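The next block is model_34.cif, given as mmCIF, C-alpha atoms.
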data_entry
#
loop_
_atom_site.label_atom_id
_atom_site.label_comp_id
_atom_site.auth_asym_id
_atom_site.auth_seq_id
_atom_site.Cartn_x
_atom_site.Cartn_y
_atom_site.Cartn_z
CA MET L 1 0.00 0.00 0.00
CA ASP L 2 1.16 3.55 -0.70
CA ILE L 3 2.57 5.13 2.48
CA MET L 4 0.50 8.32 2.29
CA GLN L 5 -2.65 6.32 1.57
CA ALA L 6 -1.94 4.19 4.63
CA LYS L 7 -1.37 7.28 6.79
CA GLU L 8 -4.66 8.82 5.66
CA LEU L 9 -6.44 5.55 6.42
CA VAL L 10 -5.00 5.48 9.95
CA VAL L 11 -6.14 9.07 10.57
CA ASP L 12 -9.66 8.29 9.34
CA ALA L 13 -9.75 5.06 11.34
CA GLY L 14 -8.73 6.85 14.54
CA LYS L 15 -11.56 9.34 14.19
CA LYS L 16 -14.09 6.58 13.51
CA LEU L 17 -12.86 4.64 16.53
CA VAL L 18 -13.30 7.70 18.76
CA GLU L 19 -16.85 8.18 17.45
CA SER L 20 -17.61 4.54 18.22
CA GLY L 21 -16.21 4.78 21.78
CA LEU L 22 -13.60 2.05 21.20
CA VAL L 23 -10.73 4.49 21.82
CA ALA L 24 -10.50 7.97 23.34
CA ARG L 25 -8.05 10.86 23.69
CA THR L 26 -4.56 9.46 23.04
CA TRP L 27 -5.35 5.99 24.44
CA GLY L 28 -4.77 2.93 22.36
CA ASN L 29 -3.15 3.05 18.94
CA VAL L 30 -3.83 2.25 15.30
CA SER L 31 -1.55 0.94 12.57
CA CYS L 32 -1.61 -0.17 8.92
CA ARG L 33 0.84 -2.41 7.09
CA VAL L 34 2.39 -0.81 4.01
CA SER L 35 4.69 -3.69 3.00
CA GLU L 36 6.28 -6.88 4.27
CA THR L 37 8.84 -4.77 6.11
CA GLN L 38 7.05 -1.60 7.26
CA PHE L 39 3.88 -0.24 8.85
CA VAL L 40 2.56 3.19 9.81
CA ILE L 41 1.24 3.90 13.30
CA THR L 42 -0.29 6.69 15.38
CA PRO L 43 2.18 8.83 17.36
CA SER L 44 2.51 9.10 21.09
CA GLY L 45 0.56 11.76 22.97
CA ILE L 46 -1.70 13.31 20.29
CA PRO L 47 -5.52 13.04 20.44
CA TYR L 48 -7.07 11.21 17.50
CA GLU L 49 -9.25 14.19 16.63
CA ALA L 50 -6.14 16.34 16.06
CA LEU L 51 -4.17 13.87 13.93
CA THR L 52 -3.08 14.62 10.38
CA PRO L 53 -1.31 12.26 7.96
CA ASN L 54 1.98 14.07 8.69
CA ASP L 55 1.70 12.94 12.33
CA ILE L 56 1.57 9.25 11.43
CA VAL L 57 4.94 7.48 11.77
CA LEU L 58 6.53 4.93 9.44
CA VAL L 59 8.13 2.07 11.41
CA ASN L 60 10.31 -0.87 10.34
CA ILE L 61 8.86 -4.20 11.45
CA ALA L 62 12.19 -5.96 12.01
CA ASP L 63 13.81 -3.56 14.49
CA LEU L 64 11.15 -0.87 15.24
CA SER L 65 13.39 1.85 13.84
CA TYR L 66 11.82 5.06 12.48
CA ASP L 67 12.73 8.53 11.25
CA GLN L 68 13.92 10.43 14.33
CA SER L 69 13.21 13.86 12.78
CA GLY L 70 9.41 13.59 13.13
CA ARG L 71 6.90 12.37 15.67
CA LYS L 72 7.62 9.51 18.03
CA PRO L 73 5.52 6.41 17.29
CA SER L 74 3.29 4.88 19.92
CA SER L 75 5.15 3.15 22.72
CA GLU L 76 3.17 0.01 21.83
CA LYS L 77 4.68 -0.19 18.33
CA GLY L 78 6.28 -3.49 19.27
CA ILE L 79 2.89 -5.15 19.73
CA HIS L 80 1.85 -4.08 16.24
CA ALA L 81 5.13 -5.36 14.79
CA GLU L 82 4.56 -8.76 16.39
CA ALA L 83 1.10 -8.97 14.84
CA TYR L 84 2.50 -8.24 11.38
CA LYS L 85 5.35 -10.75 11.85
CA LEU L 86 3.08 -13.55 13.05
CA ARG L 87 0.09 -13.03 10.77
CA SER L 88 0.93 -12.60 7.10
CA ASN L 89 -2.71 -11.81 6.33
CA CYS L 90 -2.92 -9.09 8.97
CA ASN L 91 -2.83 -5.61 7.45
CA PHE L 92 -4.44 -3.48 10.15
CA VAL L 93 -4.12 -3.48 13.95
CA ILE L 94 -6.17 -1.62 16.56
CA HIS L 95 -5.14 -1.52 20.20
CA THR L 96 -8.20 -0.41 22.17
CA HIS L 97 -9.10 0.28 25.77
CA GLN L 98 -12.70 -0.74 25.06
CA THR L 99 -14.85 -1.16 28.13
CA ASN L 100 -16.20 -4.72 28.22
CA ALA L 101 -12.94 -6.25 27.02
CA SER L 102 -11.12 -4.26 29.71
CA VAL L 103 -13.46 -5.67 32.35
CA VAL L 104 -12.89 -9.28 31.26
CA SER L 105 -9.15 -8.69 30.87
CA THR L 106 -8.82 -8.52 34.66
CA LEU L 107 -10.34 -11.94 35.32
CA GLY L 108 -7.30 -14.04 34.45
CA VAL L 109 -9.08 -16.30 31.94
CA ASP L 110 -9.46 -16.86 28.21
CA ILE L 111 -12.92 -16.82 26.66
CA ASN L 112 -13.18 -20.33 25.29
CA LYS L 113 -16.84 -20.49 24.28
CA LEU L 114 -18.03 -18.26 21.45
CA SER L 115 -21.20 -18.46 19.45
CA ALA L 116 -20.84 -19.65 15.86
CA GLU L 117 -21.50 -16.10 14.66
CA SER L 118 -18.81 -14.59 16.91
CA ALA L 119 -16.32 -17.37 16.15
CA ALA L 120 -16.71 -16.70 12.43
CA ILE L 121 -15.57 -13.11 13.05
CA ILE L 122 -12.99 -13.50 15.83
CA GLY L 123 -11.85 -17.11 15.91
CA SER L 124 -12.49 -20.10 18.15
CA LYS L 125 -11.52 -18.30 21.39
CA VAL L 126 -10.28 -15.01 22.82
CA PRO L 127 -6.94 -15.55 24.60
CA LEU L 128 -5.64 -13.43 27.45
CA ALA L 129 -2.09 -12.09 27.18
CA THR L 130 -0.15 -12.02 30.43
CA TYR L 131 0.21 -8.67 32.19
CA GLY L 132 3.07 -6.30 31.52
CA LEU L 133 3.55 -2.60 32.08
CA PRO L 134 2.51 -0.43 29.11
CA GLY L 135 5.23 -0.06 26.50
CA ARG L 136 7.45 -2.73 28.06
CA GLY L 137 8.88 -5.93 26.62
CA LYS L 138 6.89 -8.21 28.91
CA LEU L 139 3.60 -6.89 27.51
CA ARG L 140 4.86 -7.28 23.93
CA LYS L 141 6.01 -10.84 24.61
CA GLY L 142 2.70 -11.77 26.22
CA VAL L 143 0.69 -10.49 23.25
CA ALA L 144 3.01 -12.24 20.80
CA THR L 145 2.57 -15.54 22.64
CA ALA L 146 -1.22 -15.15 22.61
CA ILE L 147 -1.25 -14.40 18.88
CA ALA L 148 1.07 -17.30 18.07
CA SER L 149 -0.91 -19.81 20.14
CA SER L 150 -4.35 -19.12 18.66
CA ASN L 151 -6.26 -18.34 15.51
CA SER L 152 -7.98 -15.40 17.20
CA LYS L 153 -8.18 -11.93 15.70
CA ALA L 154 -8.84 -10.50 19.19
CA ILE L 155 -6.38 -10.66 22.07
CA MET L 156 -7.21 -9.38 25.56
CA MET L 157 -4.33 -7.70 27.39
CA ALA L 158 -4.49 -8.32 31.13
CA HIS L 159 -5.62 -5.21 33.06
CA HIS L 160 -5.15 -3.13 29.94
CA GLY L 161 -7.47 -3.58 26.95
CA ALA L 162 -7.40 -5.48 23.68
CA VAL L 163 -5.60 -5.89 20.37
CA CYS L 164 -7.78 -6.48 17.30
CA LEU L 165 -6.33 -7.68 14.00
CA GLY L 166 -7.85 -7.39 10.54
CA ASP L 167 -7.27 -7.91 6.86
CA ASN L 168 -8.07 -4.19 6.62
CA PHE L 169 -9.51 -1.47 8.87
CA GLU L 170 -13.12 -2.48 8.28
CA ASP L 171 -12.31 -6.04 9.34
CA ALA L 172 -10.40 -4.95 12.47
CA PHE L 173 -13.25 -2.60 13.38
CA VAL L 174 -15.80 -5.42 13.08
CA VAL L 175 -13.58 -7.61 15.27
CA ALA L 176 -13.38 -4.91 17.97
CA ASN L 177 -17.14 -4.42 18.01
CA GLU L 178 -17.79 -8.17 18.12
CA LEU L 179 -15.32 -8.52 20.99
CA GLU L 180 -17.39 -6.06 23.05
CA LYS L 181 -20.47 -8.20 22.47
CA VAL L 182 -18.61 -11.40 23.37
CA CYS L 183 -17.24 -9.89 26.60
CA GLU L 184 -20.64 -8.49 27.60
CA LYS L 185 -22.20 -11.92 27.09
CA PHE L 186 -19.42 -13.48 29.18
CA ILE L 187 -20.24 -11.15 32.08
CA LEU L 188 -24.02 -11.54 31.76
CA ASP L 189 -23.78 -15.33 31.59
CA GLU L 190 -21.89 -15.38 34.89
CA CYS L 191 -24.45 -13.08 36.50
CA SER L 192 -27.28 -15.28 35.23
CA SER L 193 -25.56 -18.34 36.67
CA LEU L 194 -25.22 -16.71 40.09
CA THR L 195 -28.75 -15.31 40.27
CA GLY L 196 -30.63 -18.11 38.56
CA LYS L 197 -32.31 -15.46 36.42
CA VAL L 198 -31.49 -14.26 32.94
CA ALA L 199 -29.41 -11.08 33.15
CA ASP L 200 -30.36 -9.16 30.04
CA SER L 201 -28.31 -6.02 30.67
CA LEU L 202 -25.30 -4.85 32.67
CA LYS L 203 -27.73 -3.01 34.94
CA ALA L 204 -28.64 -6.42 36.37
CA VAL L 205 -25.00 -6.92 37.34
CA ASN L 206 -24.99 -3.63 39.26
CA GLU L 207 -28.20 -4.54 41.05
CA TYR L 208 -26.85 -7.96 42.03
CA VAL L 209 -23.51 -6.62 43.26
CA LEU L 210 -25.16 -3.80 45.21
CA ALA L 211 -27.57 -6.22 46.90
CA LYS L 212 -24.84 -8.74 47.79
CA SER L 213 -22.07 -6.38 48.88
CA ALA L 214 -21.39 -5.49 52.47
CA LYS L 215 -21.81 -1.72 52.64
CA SER L 216 -19.93 0.69 54.85
CA LYS L 217 -21.86 1.84 57.90
CA GLY L 218 -24.06 4.92 57.76
CA SER L 219 -25.33 6.94 54.87
CA ALA L 220 -24.80 10.43 53.54
CA GLU L 221 -27.21 13.15 52.56
CA ILE L 222 -27.84 13.19 48.82
CA ILE L 223 -26.43 16.31 47.17
CA ASN L 224 -26.81 17.70 43.66
CA ALA L 225 -24.11 17.15 41.05
CA TYR L 226 -22.41 20.15 39.42
CA ILE L 227 -19.47 20.80 37.16
CA SER L 228 -17.09 23.70 37.62
CA GLU L 229 -14.06 25.39 36.07
CA ARG L 230 -11.41 27.67 37.52
CA GLU L 231 -11.09 31.08 35.86
CA GLY L 232 -8.21 32.99 37.40
CA ASN L 233 -9.05 33.77 41.03
CA ASN L 234 -12.66 32.62 40.59
CA PHE L 235 -14.54 29.53 39.50
CA LYS L 236 -17.76 29.06 37.61
CA ILE L 237 -20.12 26.32 38.76
CA TYR L 238 -22.70 24.98 36.33
CA SER L 239 -25.94 23.12 36.89
CA ASP L 240 -25.65 21.11 33.66
CA GLU L 241 -23.35 20.43 30.72
CA SER L 242 -24.89 23.21 28.63
CA LYS L 243 -23.14 25.66 30.97
CA GLU L 244 -26.00 28.12 30.57
CA ASN L 245 -26.95 28.38 34.23
CA TYR L 246 -23.96 29.18 36.40
CA ALA L 247 -22.68 31.11 39.37
CA THR L 248 -19.29 32.78 39.68
CA VAL L 249 -17.51 32.44 43.02
CA ASN L 250 -14.26 33.92 44.31
CA ILE L 251 -12.00 31.06 45.38
CA GLN L 252 -10.21 32.83 48.22
CA ASP L 253 -13.13 34.31 50.17
CA GLY L 254 -16.15 32.47 48.74
CA ILE L 255 -17.97 35.67 47.71
CA VAL L 256 -20.59 35.03 45.03
CA LEU L 257 -19.88 37.41 42.14
CA SER L 258 -22.80 36.45 39.92
CA GLY L 259 -25.68 34.02 39.63
CA VAL L 260 -27.36 31.86 42.26
CA CYS L 261 -24.74 29.84 44.07
CA PRO L 262 -25.69 26.28 45.18
CA PRO L 263 -24.54 25.03 48.60
CA GLU L 264 -22.47 22.35 46.85
CA ALA L 265 -20.15 25.12 45.64
CA ALA L 266 -18.39 24.94 49.02
CA LEU L 267 -17.11 21.50 48.09
CA HIS L 268 -15.73 22.67 44.76
CA ARG L 269 -14.19 25.75 46.36
CA ALA L 270 -12.34 23.64 48.93
CA ILE L 271 -10.67 21.67 46.13
CA TYR L 272 -9.64 24.79 44.21
CA LEU L 273 -8.25 26.33 47.39
CA ASN L 274 -6.06 23.33 48.12
CA ARG L 275 -5.21 21.95 44.69
CA ALA L 276 -3.47 24.38 42.35
CA ASP L 277 -3.26 21.57 39.78
CA VAL L 278 -7.06 21.30 39.49
CA ASN L 279 -8.86 23.59 37.04
CA GLY L 280 -11.89 21.46 36.23
CA ILE L 281 -14.23 19.35 38.38
CA ILE L 282 -16.99 16.98 37.31
CA HIS L 283 -19.33 15.55 39.93
CA SER L 284 -20.25 12.26 38.27
CA LYS L 285 -23.15 9.99 39.15
CA GLN L 286 -22.75 7.55 36.28
CA ASP L 287 -24.24 4.14 37.03
CA ASP L 288 -21.10 2.21 38.00
CA ILE L 289 -19.61 5.10 39.96
CA TRP L 290 -22.90 5.57 41.79
CA THR L 291 -23.10 1.84 42.63
CA LEU L 292 -19.69 1.80 44.27
CA SER L 293 -20.38 5.05 46.10
CA GLN L 294 -23.38 3.29 47.64
CA ILE L 295 -21.15 0.44 48.79
CA GLY L 296 -18.80 3.05 50.18
CA LYS L 297 -15.45 1.26 50.18
CA THR L 298 -12.08 2.15 48.68
CA VAL L 299 -11.84 1.14 45.02
CA LYS L 300 -8.57 -0.50 44.01
CA PRO L 301 -7.07 -0.15 40.52
CA LEU L 302 -7.88 -3.06 38.23
CA LEU L 303 -6.96 -1.18 35.04
CA ASP L 304 -3.68 0.53 34.33
CA ASP L 305 -5.22 3.59 32.63
CA PHE L 306 -7.13 4.22 35.87
CA ALA L 307 -3.88 4.03 37.85
CA GLN L 308 -2.25 6.46 35.45
CA ILE L 309 -4.97 9.09 35.22
CA ALA L 310 -7.05 8.83 38.41
CA GLY L 311 -4.49 7.56 40.89
CA CYS L 312 -3.47 4.50 42.86
CA SER L 313 -6.88 4.07 44.48
CA LEU L 314 -10.25 5.75 44.77
CA LYS L 315 -10.88 6.61 48.41
CA VAL L 316 -14.26 7.33 49.98
CA ALA L 317 -15.23 10.53 51.80
CA VAL L 318 -18.48 11.62 53.39
CA TYR L 319 -19.63 15.14 52.59
CA ASP L 320 -22.23 16.76 54.83
CA PRO L 321 -23.59 20.10 53.54
CA LYS L 322 -24.67 20.93 57.11
CA ASN L 323 -21.02 20.81 58.12
CA ALA L 324 -19.60 21.92 54.79
CA GLU L 325 -16.21 23.35 55.77
CA LYS L 326 -15.09 20.44 57.94
CA THR L 327 -16.31 17.66 55.67
CA ALA L 328 -15.06 19.38 52.51
CA SER L 329 -11.63 19.45 54.13
CA LYS L 330 -11.85 15.69 54.62
CA VAL L 331 -12.81 15.23 50.96
CA VAL L 332 -9.71 17.17 49.90
CA LYS L 333 -7.55 15.05 52.22
CA LYS L 334 -8.91 11.80 50.76
CA MET L 335 -8.07 13.06 47.26
CA LYS L 336 -4.40 13.76 48.04
CA GLY L 337 -2.19 12.51 45.22
CA ARG L 338 -5.25 11.53 43.19
CA SER L 339 -7.53 13.05 40.57
CA ALA L 340 -10.78 11.65 41.96
CA VAL L 341 -12.59 10.73 45.15
CA LEU L 342 -15.75 8.76 45.84
CA LEU L 343 -18.45 10.63 47.77
CA LYS L 344 -20.43 8.23 49.94
CA ASP L 345 -23.87 7.73 48.34
CA ASN L 346 -23.15 10.54 45.87
CA GLY L 347 -20.97 9.29 43.03
CA ALA L 348 -17.50 10.77 42.59
CA LEU L 349 -15.66 14.03 42.04
CA CYS L 350 -13.43 13.74 38.97
CA CYS L 351 -10.80 16.44 38.54
CA GLY L 352 -8.08 17.54 36.18
CA PRO L 353 -5.83 20.41 35.12
CA SER L 354 -8.47 21.22 32.49
CA MET L 355 -12.07 20.23 31.82
CA TYR L 356 -10.74 17.98 29.07
CA ASP L 357 -8.62 16.16 31.65
CA ALA L 358 -11.48 16.03 34.16
CA GLN L 359 -13.56 14.30 31.48
CA ALA L 360 -10.73 11.79 30.99
CA THR L 361 -10.66 11.16 34.73
CA GLU L 362 -14.40 10.54 34.73
CA MET L 363 -14.03 8.07 31.85
CA VAL L 364 -11.37 5.96 33.55
CA VAL L 365 -13.10 6.10 36.95
CA GLU L 366 -16.35 4.87 35.40
CA LYS L 367 -14.54 2.11 33.51
CA ASN L 368 -12.58 0.98 36.57
CA CYS L 369 -15.77 1.00 38.65
CA LYS L 370 -17.51 -1.11 35.99
CA THR L 371 -14.53 -3.45 36.08
CA VAL L 372 -14.64 -3.77 39.87
CA ILE L 373 -18.37 -4.53 39.70
CA GLY L 374 -17.83 -7.15 37.00
CA ALA L 375 -14.95 -8.68 38.96
CA LYS L 376 -17.21 -9.15 42.00
CA LEU L 377 -19.00 -11.87 40.01
CA PHE L 378 -15.77 -13.90 39.90
CA ASP L 379 -13.39 -15.16 42.56
CA ASN L 380 -9.80 -14.12 43.22
CA VAL L 381 -9.55 -11.06 41.01
CA ASN L 382 -6.57 -9.11 42.27
CA PRO L 383 -5.87 -5.40 41.77
CA LEU L 384 -2.70 -4.17 40.13
CA GLY L 385 0.38 -4.27 42.33
CA PHE L 386 1.47 -1.37 44.53
CA ILE L 387 4.75 -0.76 42.72
CA ASP L 388 3.23 -0.98 39.24
CA THR L 389 0.40 1.44 40.02
CA HIS L 390 2.66 4.02 41.62
CA LEU L 391 5.18 3.74 38.78
CA MET L 392 2.49 4.24 36.13
CA ARG L 393 1.03 7.20 38.00
CA PHE L 394 4.46 8.80 38.29
CA VAL L 395 5.28 8.31 34.60
CA TYR L 396 1.90 9.66 33.53
CA LEU L 397 2.20 12.82 35.62
CA LYS L 398 5.78 13.47 34.56
CA LYS L 399 5.51 12.58 30.89
CA TYR L 400 2.20 11.89 29.19
CA SER L 401 0.12 14.59 30.85
CA LYS L 402 2.77 17.16 29.85
CA GLN L 403 2.65 15.89 26.27
CA ALA L 404 -1.12 16.34 26.24
CA ASP L 405 -0.82 19.84 27.68
CA LYS L 406 1.42 20.88 24.78
CA LYS L 407 -1.26 19.78 22.31
CA GLN L 408 -4.13 21.70 23.92
#
Would you mind writing the file out in structure tokens?
Amino acid sequence: MDIMQAKELVVDAGKKLVESGLVARTWGNVSCRVSETQFVITPSGIPYEALTPNDIVLVNIADLSYDQSGRKPSSEKGIHAEAYKLRSNCNFVIHTHQTNASVVSTLGVDINKLSAESAAIIGSKVPLATYGLPGRGKLRKGVATAIASSNSKAIMMAHHGAVCLGDNFEDAFVVANELEKVCEKFILDECSSLTGKVADSLKAVNEYVLAKSAKSKGSAEIINAYISEREGNNFKIYSDESKENYATVNIQDGIVLSGVCPPEAALHRAIYLNRADVNGIIHSKQDDIWTLSQIGKTVKPLLDDFAQIAGCSLKVAVYDPKNAEKTASKVVKKMKGRSAVLLKDNGALCCGPSMYDAQATEMVVEKNCKTVIGAKLFDNVNPLGFIDTHLMRFVYLKKYSKQADKKQ
């Protein structure tokens, strides 16, 4: 394939994958074979929506070398190279962080039973590659072993996501979508087995886990969810995503400069006062986040993108609007070194150095919460190790978040 044609295809594919929800921001990566010896791949640290063909990097399959004068290729280029080495009919590779596959990737098992329809698309099973830190040789080796030992076009990467292989982009895209269906069925079948009733949606899993889980003692007053953004010495707090109805509050003294200020603004103000790195806050009550806030226990990291972006755990704090100053201080304390905190019975606060980053935090918190809920259906699902989570968080803060900032 012509190199420029391949680069344009990768750009178009990245945008389509974002629209479908299979990838987001700079997560995952996309590549296209151009010959027996080379492929093109997305670069490191640039959102898919901003990519141009000139950003796509040409890489040599044999030794992963590339032109040093341009962009750096994805750190996962080695995984793509292994796919092209091991599958002569593979011409397109998508590494996704898709939700259902991420959930199942933490369970430590292959998916060995597929319907005839799914098997015709993916292969006879979906193998699980052993865990390795992102961008490291152990992860590459694990994926290569899984590809070599199966006929599958979909490989789950433990605690990480999936790799989907195709004859072309359309084929790889179909594989990725089918994998989500296969993984959802895998989860629902386990829930049905435990309950003795047919689980027809993931909502049934939440209901089962919530009913069976031991909850922390006490309950908290339900508060309204708002989003807010820092603007210099003030912050604006909005009642909805349209941002039409808002109040402006001075961070230092809490004086309301405009609009009708909700009592929940005290919680947002406490974070802005104590966290200079936070410029956007989303109070999220998405289903899986809300479920775990009802259970009210610390959420451990099962997915490495959660460890990178949100932090090494998701702690729980109780916020009482009747004792706003004291309890808001406790919320801030629980969020130390993290980008999010669970509010007992009230979802989670997801923060970031921009609203864009706060949205990313919300995405990984929701996905990790969904993963924790799914894992509760199975035995002996362990979180990521202490050293690995802290290392990934450190690298993300020092490297990848700075790369993203330069592109904003």
Legend entry - Ground truth for the PyMOL selection byres ((chain L and resi 236-246) around 8), written as a PyMOL selection string: chain L and resi 225-231+234-235+247-249+259-261+265
Legend entry - Residues within 8 Å of (-0.4, -7.6, 22.2), file coords, all atoms listed in the file, listed as a VMD selection string: chain L and resid 79 to 80 82 to 83 95 129 139 to 144 146 to 147 155 to 157 162 to 163
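Among the candidates L:Asn380, L:Gln38, L:Ser105, L:Ser115, the one nearest to Leu128 (chain L) when counting all atoms listed in the file is L:Ser105.
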Inset, instruction - Tell me which of L:Leu86, L:Ile289, L:Leu343, L:Ala276 sits closest to Ile223 (chain L), counting only C-alpha atoms. - result: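 Of L:Leu86, L:Ile289, L:Leu343, L:Ala276, the one nearest Ile223 (chain L) is L:Leu343, counting only C-alpha atoms.
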Inset, instruction - Report as a ChimeraX atom specification the residues that result from applying the PyMOL selection byres ((chain L and resi 323) around 12) to the structure here. - result: /L:220-221,263-264,266-267,318-322,324-330
Inset, instruction - Translate the PyMOL selection byres ((chain L and resi 365) around 8), as applied to the file shown, into an explicit residue set as a ChimeraX atom specification. - result: /L:289,306,310,340,350,361-364,366-369
Inset, instruction - Kindly give the distance, in Å, that separates CA of Thr291 (chain L) and CA of Asn346 (chain L), rounded to a single decimal. - result: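 CA of Thr291 (chain L) sits 9.3 Å away from CA of Asn346 (chain L).
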Inset, instruction - Measure the distance from CA of Leu292 (chain L) to CA of Leu314 (chain L) in Å and round it to one decimal. - result: 10.2 Å
Legend entry - Selection: 7 Å around Asn91 (chain L), all atoms listed in the file, excl. self and same-chain fewer than 4 positions, as number ranges by chain: L: 32-33, 166-168
Any chance you could export the current selection's C-alpha atoms as a PDB file, in the frame of the given file?
ATOM      1  CA  CYS L  32      -1.610  -0.170   8.920  1.00  0.00           C
ATOM      2  CA  ARG L  33       0.840  -2.410   7.090  1.00  0.00           C
ATOM      3  CA  GLY L 166      -7.850  -7.390  10.540  1.00  0.00           C
ATOM      4  CA  ASP L 167      -7.270  -7.910   6.860  1.00  0.00           C
ATOM      5  CA  ASN L 168      -8.070  -4.190   6.620  1.00  0.00           C
TER       6      ASN L 168
END
Inset, instruction - For CA of Phe169 (chain L) and CA of Ala6 (chain L), quote the distance in Å rounded to one decimal. - result: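 Those two atoms sit 10.4 Å apart.
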With a cut-off of 12 Å, could you pull out the residues of region 224-326 of chain L touching region 207-215 of chain L and give me the nearest pair of atoms for each, distance in Å to one decimal, using all atoms listed in the file, ordered by chain and ascending number, as a tab-separated table?
residue	atom	partner	partner_atom	distance
L:Asp287	CA	L:Glu207	CA	10.4
L:Asp288	CA	L:Leu210	CA	10.2
L:Ile289	CA	L:Leu210	CA	11.7
L:Trp290	CA	L:Leu210	CA	10.2
L:Thr291	CA	L:Leu210	CA	6.5
L:Leu292	CA	L:Leu210	CA	7.9
L:Ser293	CA	L:Lys215	CA	9.5
L:Gln294	CA	L:Lys215	CA	7.3
L:Ile295	CA	L:Lys215	CA	4.5
L:Gly296	CA	L:Lys215	CA	6.2
L:Lys297	CA	L:Lys215	CA	7.4
L:Thr298	CA	L:Lys215	CA	11.2
Inset, instruction - Would you mind telling me which residue in L:Thr42, L:Pro301, L:Ser35, L:Asp12 lies nearest to Ala62 (chain L) when using all atoms listed in the file? - result: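 Going through L:Thr42, L:Pro301, L:Ser35, L:Asp12 one by one, the smallest distance to Ala62 (chain L) is for L:Ser35.
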Legend entry - Selected residue, from L:Val30, L:Ile61, L:Leu302, L:Val40, that lies nearest to Gln5 (chain L) when counting only C-alpha atoms: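 Residue with the minimum atom-to-atom distance to Gln5 (chain L): L:Val40.
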Inset, instruction - Kindly indicate which residue among L:Ser74, L:Gln98, L:Val182, L:Ala158 lies nearest to Val126 (chain L), using only C-alpha atoms for the distances. - result: L:Val182
Legend entry - Among the residues L:Pro262, L:Glu76, L:Glu36, L:Ser44, the one that comes closest to Lys399 (chain L) [using only C-alpha atoms]: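 Of the candidates, the smallest distance to Lys399 (chain L) is held by L:Ser44.
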Inset, instruction - Would you list the contacts of Ser339 (chain L) as JSON, numbers by chain, taking every protein, DNA or RNA residue within 12 Å and counting all atoms listed in the file, but skipping same-chain residues closer than 6 positions in sequence? - result: {"L": [271, 275, 277, 278, 279, 280, 281, 282, 306, 307, 308, 309, 310, 311, 312, 313, 314, 315, 331, 332, 333, 348, 349, 350, 351, 352, 353, 354, 357, 358, 359, 360, 361, 362, 363, 364, 365, 393, 397]}
